[in-house]
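Here is model_38.txt, consisting of compact mmCIF, C-alpha atoms:
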```
# COMPACT_ATOMS: atom_id res chain seq x y z
CA MET A 48 0.00 0.00 0.00
CA SER A 49 1.53 3.31 -1.00
CA GLU A 50 1.50 6.28 1.33
CA GLN A 51 -0.37 9.50 0.64
CA ILE A 52 1.53 12.64 -0.30
CA SER A 53 0.48 16.29 -0.48
CA LEU A 54 1.13 18.61 -3.39
CA GLN A 55 -0.22 21.89 -4.76
CA VAL A 56 -2.50 21.88 -7.80
CA ASN A 57 -3.65 25.31 -9.00
CA GLY A 58 -2.91 26.73 -5.56
CA GLU A 59 -4.87 24.09 -3.62
CA THR A 60 -3.42 21.30 -1.51
CA ARG A 61 -4.29 17.90 -2.95
CA ASN A 62 -3.43 14.37 -1.84
CA CYS A 63 -2.58 11.33 -3.92
CA SER A 64 -0.63 8.08 -3.71
CA SER A 65 3.15 8.43 -3.57
CA GLN A 66 3.80 6.59 -6.86
CA THR A 67 1.20 8.44 -8.97
CA LEU A 68 2.18 9.28 -12.54
CA LEU A 69 1.19 12.72 -13.82
CA PRO A 70 -1.43 11.50 -16.36
CA ASP A 71 -3.09 9.40 -13.63
CA LEU A 72 -3.20 12.39 -11.27
CA LEU A 73 -4.77 14.57 -13.96
CA HIS A 74 -7.43 11.91 -14.55
CA GLU A 75 -8.09 11.55 -10.79
CA LEU A 76 -8.59 15.32 -10.56
CA GLY A 77 -11.10 15.31 -13.42
CA PHE A 78 -8.91 16.85 -16.13
CA ASN A 79 -8.83 15.53 -19.68
CA PRO A 80 -5.07 15.12 -20.24
CA ARG A 81 -5.51 15.81 -23.96
CA LEU A 82 -6.95 19.26 -23.24
CA VAL A 83 -4.55 20.68 -20.65
CA ALA A 84 -1.09 22.18 -20.37
CA VAL A 85 0.91 21.55 -17.19
CA GLU A 86 3.41 23.76 -15.41
CA TYR A 87 5.42 21.52 -13.10
CA ASN A 88 7.40 23.25 -10.33
CA GLY A 89 7.55 26.48 -12.32
CA GLU A 90 8.37 25.02 -15.75
CA ILE A 91 6.13 23.98 -18.63
CA LEU A 92 6.34 20.19 -18.78
CA HIS A 93 6.19 18.92 -22.34
CA ARG A 94 3.63 16.18 -22.88
CA GLN A 95 6.28 13.67 -23.98
CA PHE A 96 7.61 13.61 -20.38
CA TRP A 97 4.25 13.15 -18.62
CA THR A 98 4.29 9.34 -18.59
CA GLU A 99 7.70 9.29 -16.91
CA THR A 100 6.89 11.98 -14.32
CA THR A 101 5.93 10.69 -10.88
CA VAL A 102 4.60 13.41 -8.57
CA LYS A 103 6.48 13.95 -5.31
CA PRO A 104 5.57 15.55 -1.97
CA GLY A 105 5.56 19.33 -2.21
CA ASP A 106 5.37 19.47 -6.02
CA ARG A 107 3.56 22.52 -7.46
CA LEU A 108 1.41 22.05 -10.53
CA GLU A 109 -0.55 24.60 -12.50
CA VAL A 110 -2.99 22.91 -14.84
CA VAL A 111 -4.47 25.07 -17.56
CA THR A 112 -7.35 23.92 -19.75
CA ILE A 113 -6.87 24.64 -23.43
CA VAL A 114 -9.90 26.39 -24.89
CA GLY A 115 -10.43 26.66 -28.62
CA GLY A 116 -12.35 29.42 -30.26
CA GLY A 117 -12.28 32.08 -32.82
```

I need this file expressed as structure tokens, please.
Amino acid sequence: MSEQISLQVNGETRNCSSQTLLPDLLHELGFNPRLVAVEYNGEILHRQFWTETTVKPGDRLEVVTIVGGG
């Protein structure tokens, strides 16, 4: 059983399992991973690295939904 960790998502404290991959966290939080951009600890994290990024205690994420329009 993995322990729970705390991290910041869009300025709010959230909890998840310690071995959670970024795409799984996004899904748990109700985001569609195909429609968001992620800033991870102050840097834009390119989508190609999401599947190898495991969130850690104290991480700061800003998740921005991409909105199309004209």

### Task
Pick out the residues sitting within 8 Å of A:Ser53, and hand them over as a PyMOL selection string; count all atoms listed in the file, and ignore anything fewer than 4 positions along from it in its own chain.
chain A and resi 60-63+104-105

### Message
So that I can see what lies close to A:Glu86, please list as an MDAnalysis selection string the residues with an atom at most 6 Å from it, counting only C-alpha atoms and leaving out residues fewer than 5 positions away in the same chain.
### Response
chainID A and resid 91:92 108:109

Store the residues of this selection in a file with C-alpha atoms, as a CSV table (one decimal), in the frame of the given file.
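File written: out-v2.csv
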```
chain,number,residue,atom,x,y,z
A,91,ILE,CA,6.1,24.0,-18.6
A,92,LEU,CA,6.3,20.2,-18.8
A,108,LEU,CA,1.4,22.0,-10.5
A,109,GLU,CA,-0.6,24.6,-12.5
```

### Query
Pick from A:Glu59, A:Gly116, A:Ser49, A:Ser64: nearest to A:Lys103, with only C-alpha atoms counted?
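Ranked by minimum distance to A:Lys103, first place goes to A:Ser64.
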
### Task
Please indicate the distance in Å from atom CA of A:Glu75 to atom CA of A:Gly115, rounded to one decimal place.
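These atoms are spaced 23.5 Å apart.
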
### Query
Between atom CA of A:Ala84 and atom CA of A:Arg107, what is the distance, to one decimal in Å?
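Here the two named atoms are 13.7 Å from each other.
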
### Task
Please indicate the distance in Å from atom CA of A:Trp97 to atom CA of A:Val83, rounded to one decimal place.
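For atom CA of A:Trp97 relative to atom CA of A:Val83, the distance reads 11.8 Å.
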
### Query
Can you tell me, as a list in words, what residues are no more than 6 Å from A:Ser65 when counting all atoms listed in the file, ignoring any on the same chain fewer than 6 positions away?
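So the residues in contact are Ser49, Glu50, Gln51 and Ile52 of chain A.
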
### Task
Please identify all polymer residues within 12 Å of A:Thr112, counting only C-alpha atoms, omitting same-chain residues fewer than 4 positions from it, and present them as a list in words.
Asn57, Leu73, Gly77, Phe78, Asn79, Pro80, Arg81, Leu82, Val83, Ala84, Val85 and Glu86 of chain A

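With distances restricted to only C-alpha atoms, A:Asn88 is the closest residue to A:Gln55 from A:His74, A:Asn88, A:Gln95, A:Ile113.
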